[in-house]
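Below: one structure, written as structure tokens.
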Amino acid sequence: MNYGRKKAAKKRKDITSKSKLKKKRLGVRIFKGVLLTLLLLVVAGCVGGGIFIKKVINDAPDVTPEDVKPTGYTSVIYASDNKTETERLTSAGSNRVYKTIDEIPKDLQHAFVAIEDERFYEHNGIDPKGIIRAGIIGITTGDFSQGASTLTQQLIKNNIFDFMSEDTFFDRLERKIQEQYLALKLEKQMSKSEIMENYLNTINLGQNTLGVQAASQRYFNKDVSQLTLSECAVIAAITQSPSYYNPITHPDNNAKRREQVLDNMLDQGYISQEAHDEALADDVYSRIQNVNTNITQSTTPQSYFVDALTEQILNDLEDPDIGLGYSETQAYNTLYKGGLSIYSTQDLEIQGICDQIVNDDSNYPSNIEYGLSYALTVTRADGTQENYSSGHIKQFRNMKYGLTFDSEEEAYQVIEEFKASIAQEGDTYDEVIDLSPQPQASVTVIDQATGQIKAMVGGRGTKSSSMSLNRAYTGSTRQPGSCFKILSTYAPALDSAGETLATIIKDEPYEYADGTPVSNWWGDYYRGDMTMREAIEQSANICAVKTLTEITPQLGFTYCQNFGLSTLVESRTTDEGQVFTDIHQSLALGGITDGVYNYEMCAAYAAIANGGVYQEPIMYTKILDHDGNVLLDRTQTQEKRTVLKESTAYLLTSAMEGVLTEGTGTPARLSNMAAAGKTGTTSNNVDLWFAGYTPYYTCTIWTGYDDNTPLADQEWNYHLRMWKKIMDQINTTKGLSYTDFETPDSVVERTVCTSTGKLAVSGCPSVTEYFDKDTAPTESCSGHRTTRRSTSSNSESSDSSDQSEDSQSSESSDSSNSSDSESSSDSGNSSSSDSTQGSDNTSSDSNSGGAQSDDSGGDSASE
């Protein structure tokens, strides 16, 4: 604009006027104020940010190299040879097998670096270039999913922050700052190799696998050290999203990611073009599917032995006298997440023999039936729920014993009929159906020299789930019948009551203290004078009850406790005021409240086989922790005690040899090995037992219906043949030649008069018998005066026994007459009268265990 002089002067005047200068100064001041404010805000922000970061860092956990080591490892069970793996125990978050860095292929290490952290070997815990790259991509594309976490940060996140939830931006920011700070700190304490080793053993790789070894086994069924480049790329491709990149369920997704892994490895110089192309051409996913099919088909529930073993280990870990006094949760986590090495006592050869014989249907009665266990939840249209069980079906069909059917089809038909009877419109059903072959069986084999359980079978038929009903261990008690005569009566009589195998016991009419008659299994006639040996061989009920009455039921009860039988009831009062006790006369015949466990019965007989020394039955010798340190040594804490004199154990063994050669157990006589044992059968053949041993192993077998259905009379001895098959095959498989039981120095032989039990003289009917040298007869026979026990039952008149018998008889339920029923074999070694089938006087519910006297007389008595 063209100004004249006047206008220029005016303009200059306007500019330099006070008002203009004031406005100008005000603007400058405002500008300075804004700058100062901004500067103050920046300073305040920096200070605040610093304070915030300092607080976040102060709140970060104190991390050491020990803290980032992975936790939760697979526990491995080994057989008695200490090298054959039999089972792996895992729970959620524990399927991990640790491998050191030198056991992990370089290709696998490089694959993870290439796809997850290409500057891993260069940075000091955080990757600034990666952070900037991820930030630029996020700003320019809006995709903030590109991470910049290093392997070190991921290791910290997996092992330190794995439990934290990140619900807000502040949570994520706080965790990220702490993660980067700790990564810097950790890199100063650990080498790259150590970080890599821990990382590769930590990461989640899908299919419940943690770490590269578990993943290698799951996807390729091989050790991680054997992986090819192609297989390494598959595993490295999983880690970003174990579900989305799962090579089994989403092979196409994994294949794309795998190609990126191989491309990155090529670009970063870890592999050659040739190796890249060869790996890319590998048909690896077909191989993975084949492995998956085989693994899925071979997946089976834990065996009965392993079920019992895990139960024993958990109990031991919680027991301060044996283990570490852990809580239940601590014990569980240690077993299933501790990476333990468990050295079991299981002999796989013996276990295989027992499994084969128990599951061979030809060893059982021909009429196989099926027992039903049932649970049903009905959700009605209005949302209410009703629960039903096996008992409802039993009531619906008015079945006497339980749910046993001639076929599986019949069982399913009854289920449908029951459901129809309760059906309403709009119902939905959630049901559990379990059908098992009947009769059932259980077996335990123990090495009596060590107390180690070598084999266990808890049931017949296909095992459908882990921790299912184990009839050989603590899952089931059954009435023992006449197997108890040895433990409760003859052992204490010989050991501490001055009796001998030559003691004469008169078989004659006899009553319990409450007036109930005692009956022999062979019927309503009596054999008169019998030696104790003969009473054991022929399983004479009256002789056993008379003997226990004389030595007192209390003494018999104490001996049973010393034999390790944990289910005995000294005294129990119900809410209704009923009193139960096993201290009574029918203890002689196995009439007890709750029954016994198979494995405890086996351990009790193993004590006799072991010269009278009881050894607690154990299922493992030692357990090592993840680092190889001894956590438990069961051989050092195993309970051992002398329950019988060595002479008593041998006398019982000698008498029980006769059970197999002359008595009720002849079908169990072995082909080429000395053996001793005792039969046991409860009323109506509800429970069939045989407990016996050779100089090497003790074995007990039980068989019967789960629901206490009586077995047919003609089926009484098939379990004896099964016991024989098991023991004969063990002897053959183990190469055990014929061996006799060793006679101890404390036992002597004497020839005694069969009428008086005194030393025989010329003209006496005599027999040569074994004696403890301290109780051997010293007086010679004179005039054949017979020494007999009193025929009166009043010799036991204790109030406790009377009360016991009355209370016991009121508890019996499904099986109102349970005692032993023995028949002699058809081999001709027993007297002809033995062929009469009967039952003895003890009665008990073989499920609930109520014990009482059988008042039905001869034909219903059992042995």
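Labels for the structure tokens follow display order: chains A, B, ..., residues from 1 in each chain, ligands from 1.
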
Q. Which residues in stretch 255-471 of chain A does DSSP call strand (DSSP E)? List them as a ChimeraX atom specification.
A. /A:341-344,369-379,385-389,404-405,428-438,440-447,452-457

**Q.** For stretch 479-494 of chain A: contacts at 8 Å, only C-alpha atoms, fewer than 4 positions along chain excluded, given as a VMD selection string
**A.** chain A and resid 498 to 501 536 539 544 547 to 548 551 555 to 557 559 to 560 563 587 to 592 594 to 596 604 644 648 to 649 652 678 to 682 687 689 to 691 818 to 821 842 844 to 847 849 863

Would you write out those residues with C-alpha atoms, as a JSON list (two decimals), in the first residue's frame?
```
[["chain", "number", "residue", "atom", "x", "y", "z"],
["A", 498, "GLY", "CA", -0.77, -123.27, 74.51],
["A", 499, "GLU", "CA", -2.71, -125.21, 71.87],
["A", 500, "THR", "CA", -1.15, -127.51, 69.27],
["A", 501, "LEU", "CA", -2.14, -128.99, 65.94],
["A", 536, "ILE", "CA", -8.34, -126.51, 59.68],
["A", 539, "SER", "CA", -12.91, -126.04, 57.84],
["A", 544, "ALA", "CA", -13.40, -123.00, 65.26],
["A", 547, "THR", "CA", -11.64, -122.76, 70.08],
["A", 548, "LEU", "CA", -12.21, -118.99, 69.86],
["A", 551, "ILE", "CA", -9.15, -118.44, 74.02],
["A", 555, "LEU", "CA", -7.64, -112.26, 72.02],
["A", 556, "GLY", "CA", -8.75, -113.20, 68.53],
["A", 557, "PHE", "CA", -9.75, -109.60, 67.79],
["A", 559, "TYR", "CA", -4.53, -110.74, 66.69],
["A", 560, "CYS", "CA", -6.64, -109.67, 63.71],
["A", 563, "PHE", "CA", -2.41, -108.68, 61.18],
["A", 587, "LEU", "CA", -15.44, -113.65, 64.61],
["A", 588, "ALA", "CA", -14.11, -117.20, 64.30],
["A", 589, "LEU", "CA", -16.09, -117.62, 61.07],
["A", 590, "GLY", "CA", -15.49, -114.17, 59.63],
["A", 591, "GLY", "CA", -18.73, -112.67, 60.88],
["A", 592, "ILE", "CA", -17.64, -109.03, 61.07],
["A", 594, "ASP", "CA", -17.72, -104.16, 57.67],
["A", 595, "GLY", "CA", -15.90, -106.94, 55.86],
["A", 596, "VAL", "CA", -12.24, -106.76, 54.77],
["A", 604, "ALA", "CA", -2.19, -110.80, 56.67],
["A", 644, "LEU", "CA", 3.46, -114.64, 65.36],
["A", 648, "THR", "CA", 3.40, -120.72, 64.92],
["A", 649, "ALA", "CA", 3.70, -119.47, 61.34],
["A", 652, "LEU", "CA", -0.23, -122.86, 60.36],
["A", 678, "LYS", "CA", -7.44, -121.36, 53.28],
["A", 679, "THR", "CA", -10.81, -121.27, 51.61],
["A", 680, "GLY", "CA", -13.60, -118.93, 52.61],
["A", 681, "THR", "CA", -17.21, -118.90, 51.48],
["A", 682, "THR", "CA", -20.06, -116.90, 52.97],
["A", 687, "ASP", "CA", -18.52, -114.39, 48.65],
["A", 689, "TRP", "CA", -12.32, -116.49, 48.78],
["A", 690, "PHE", "CA", -9.02, -118.23, 48.67],
["A", 691, "ALA", "CA", -5.98, -116.86, 50.50],
["A", 818, "SER", "CA", -23.42, -114.89, 55.40],
["A", 819, "SER", "CA", -20.87, -117.39, 56.58],
["A", 820, "ASP", "CA", -18.55, -119.81, 54.94],
["A", 821, "SER", "CA", -19.62, -122.63, 52.75],
["A", 842, "THR", "CA", -21.74, -116.80, 60.61],
["A", 844, "SER", "CA", -23.30, -111.07, 57.49],
["A", 845, "ASP", "CA", -24.23, -108.67, 54.77],
["A", 846, "SER", "CA", -21.31, -108.85, 52.41],
["A", 847, "ASN", "CA", -21.88, -105.28, 51.39],
["A", 849, "GLY", "CA", -21.01, -106.00, 56.76],
["A", 863, "GLU", "CA", -17.82, -122.78, 55.82]]
```

Q) What's the 8 Å shell around A:Ala79, counting only C-alpha atoms, without same-chain residues fewer than 5 positions away, as a list in words? A) Thr84, Glu85, Thr86, Tyr343, Ser344, Thr345, Gln346, Asp347 and Leu348 of chain A

Could you please take those selected residues and save C-alpha atoms as a PDB file, in the first residue's frame?
```pdb
ATOM      1  CA  THR A  84       9.896 -99.588  32.257  1.00  0.00           C
ATOM      2  CA  GLU A  85       7.490 -96.666  32.189  1.00  0.00           C
ATOM      3  CA  THR A  86       3.941 -97.770  33.034  1.00  0.00           C
ATOM      4  CA  TYR A 343       9.401 -96.458  41.355  1.00  0.00           C
ATOM      5  CA  SER A 344       6.523 -98.847  41.871  1.00  0.00           C
ATOM      6  CA  THR A 345       6.569-102.441  43.084  1.00  0.00           C
ATOM      7  CA  GLN A 346       4.489-103.687  40.157  1.00  0.00           C
ATOM      8  CA  ASP A 347       5.878-106.737  38.368  1.00  0.00           C
ATOM      9  CA  LEU A 348       4.550-106.480  34.823  1.00  0.00           C
TER      10      LEU A 348
END
```

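For the residues A:Thr531, A:Gln452, A:Ser762, A:Gln273, ranking by smallest atom-to-atom distance to A:Thr635 using only C-alpha atoms places A:Gln452 first.
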
Q) Got a sec: who's within 10 Å of stretch 191-193 of chain A, counting only C-alpha atoms, leaving out chain neighbours fewer than 4 positions off, as JSON, numbers by chain? A) {"A": [100, 101, 102, 109, 120, 121, 122, 124, 125, 151, 152, 186, 187, 197, 198, 199]}

(Q) Neighbouring residues of A:Leu376 were defined as those with any atom within 6 Å, considering only C-alpha atoms; residues of the same chain fewer than 5 positions away were excluded. Please report them as a PyMOL selection string. (A) chain A and resi 387-388+430-431

How about saving the chosen residues, all heavy atoms kept, as an mmCIF file, in the first residue's frame?
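So the final result, stored in result_14.cif, reads:
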```cif
data_model
loop_
_atom_site.group_PDB
_atom_site.id
_atom_site.type_symbol
_atom_site.label_atom_id
_atom_site.label_comp_id
_atom_site.auth_asym_id
_atom_site.auth_seq_id
_atom_site.Cartn_x
_atom_site.Cartn_y
_atom_site.Cartn_z
ATOM 1 N N ASN A 387 -33.305 -86.277 40.718
ATOM 2 C CA ASN A 387 -32.218 -87.238 40.600
ATOM 3 C C ASN A 387 -32.691 -88.643 40.956
ATOM 4 O O ASN A 387 -33.428 -88.837 41.920
ATOM 5 C CB ASN A 387 -31.060 -86.835 41.520
ATOM 6 C CG ASN A 387 -30.444 -85.513 41.122
ATOM 7 O OD1 ASN A 387 -30.096 -85.314 39.960
ATOM 8 N ND2 ASN A 387 -30.314 -84.597 42.066
ATOM 9 N N TYR A 388 -32.235 -89.603 40.158
ATOM 10 C CA TYR A 388 -32.579 -91.004 40.372
ATOM 11 C C TYR A 388 -31.306 -91.851 40.316
ATOM 12 O O TYR A 388 -30.309 -91.469 39.697
ATOM 13 C CB TYR A 388 -33.565 -91.485 39.301
ATOM 14 C CG TYR A 388 -34.881 -90.736 39.307
ATOM 15 C CD1 TYR A 388 -35.042 -89.591 38.530
ATOM 16 C CD2 TYR A 388 -35.952 -91.161 40.096
ATOM 17 C CE1 TYR A 388 -36.237 -88.887 38.535
ATOM 18 C CE2 TYR A 388 -37.151 -90.466 40.108
ATOM 19 C CZ TYR A 388 -37.297 -89.328 39.331
ATOM 20 O OH TYR A 388 -38.474 -88.642 39.341
ATOM 21 N N ASP A 430 -30.009 -86.512 31.665
ATOM 22 C CA ASP A 430 -28.549 -86.636 31.758
ATOM 23 C C ASP A 430 -28.283 -87.891 32.587
ATOM 24 O O ASP A 430 -28.544 -87.909 33.793
ATOM 25 C CB ASP A 430 -27.933 -85.413 32.435
ATOM 26 C CG ASP A 430 -26.418 -85.481 32.501
ATOM 27 O OD1 ASP A 430 -25.839 -86.338 31.800
ATOM 28 O OD2 ASP A 430 -25.818 -84.701 33.256
ATOM 29 N N GLU A 431 -27.797 -88.960 31.937
ATOM 30 C CA GLU A 431 -27.682 -90.232 32.642
ATOM 31 C C GLU A 431 -26.273 -90.822 32.508
ATOM 32 O O GLU A 431 -25.555 -90.548 31.555
ATOM 33 C CB GLU A 431 -28.710 -91.241 32.109
ATOM 34 C CG GLU A 431 -28.603 -91.550 30.640
ATOM 35 C CD GLU A 431 -29.737 -92.448 30.146
ATOM 36 O OE1 GLU A 431 -30.388 -93.107 30.973
ATOM 37 O OE2 GLU A 431 -29.960 -92.480 28.920
#
```

Q: Find the residues around stretch 722-725 of chain A up to 12 Å (only C-alpha atoms counted), leave out those fewer than 3 positions away in its own chain, and share them as an NGL selection string.
A: :A and (350 or 353-365 or 441-445 or 660 or 665-679 or 688-694 or 698-703 or 717-719 or 728-733)
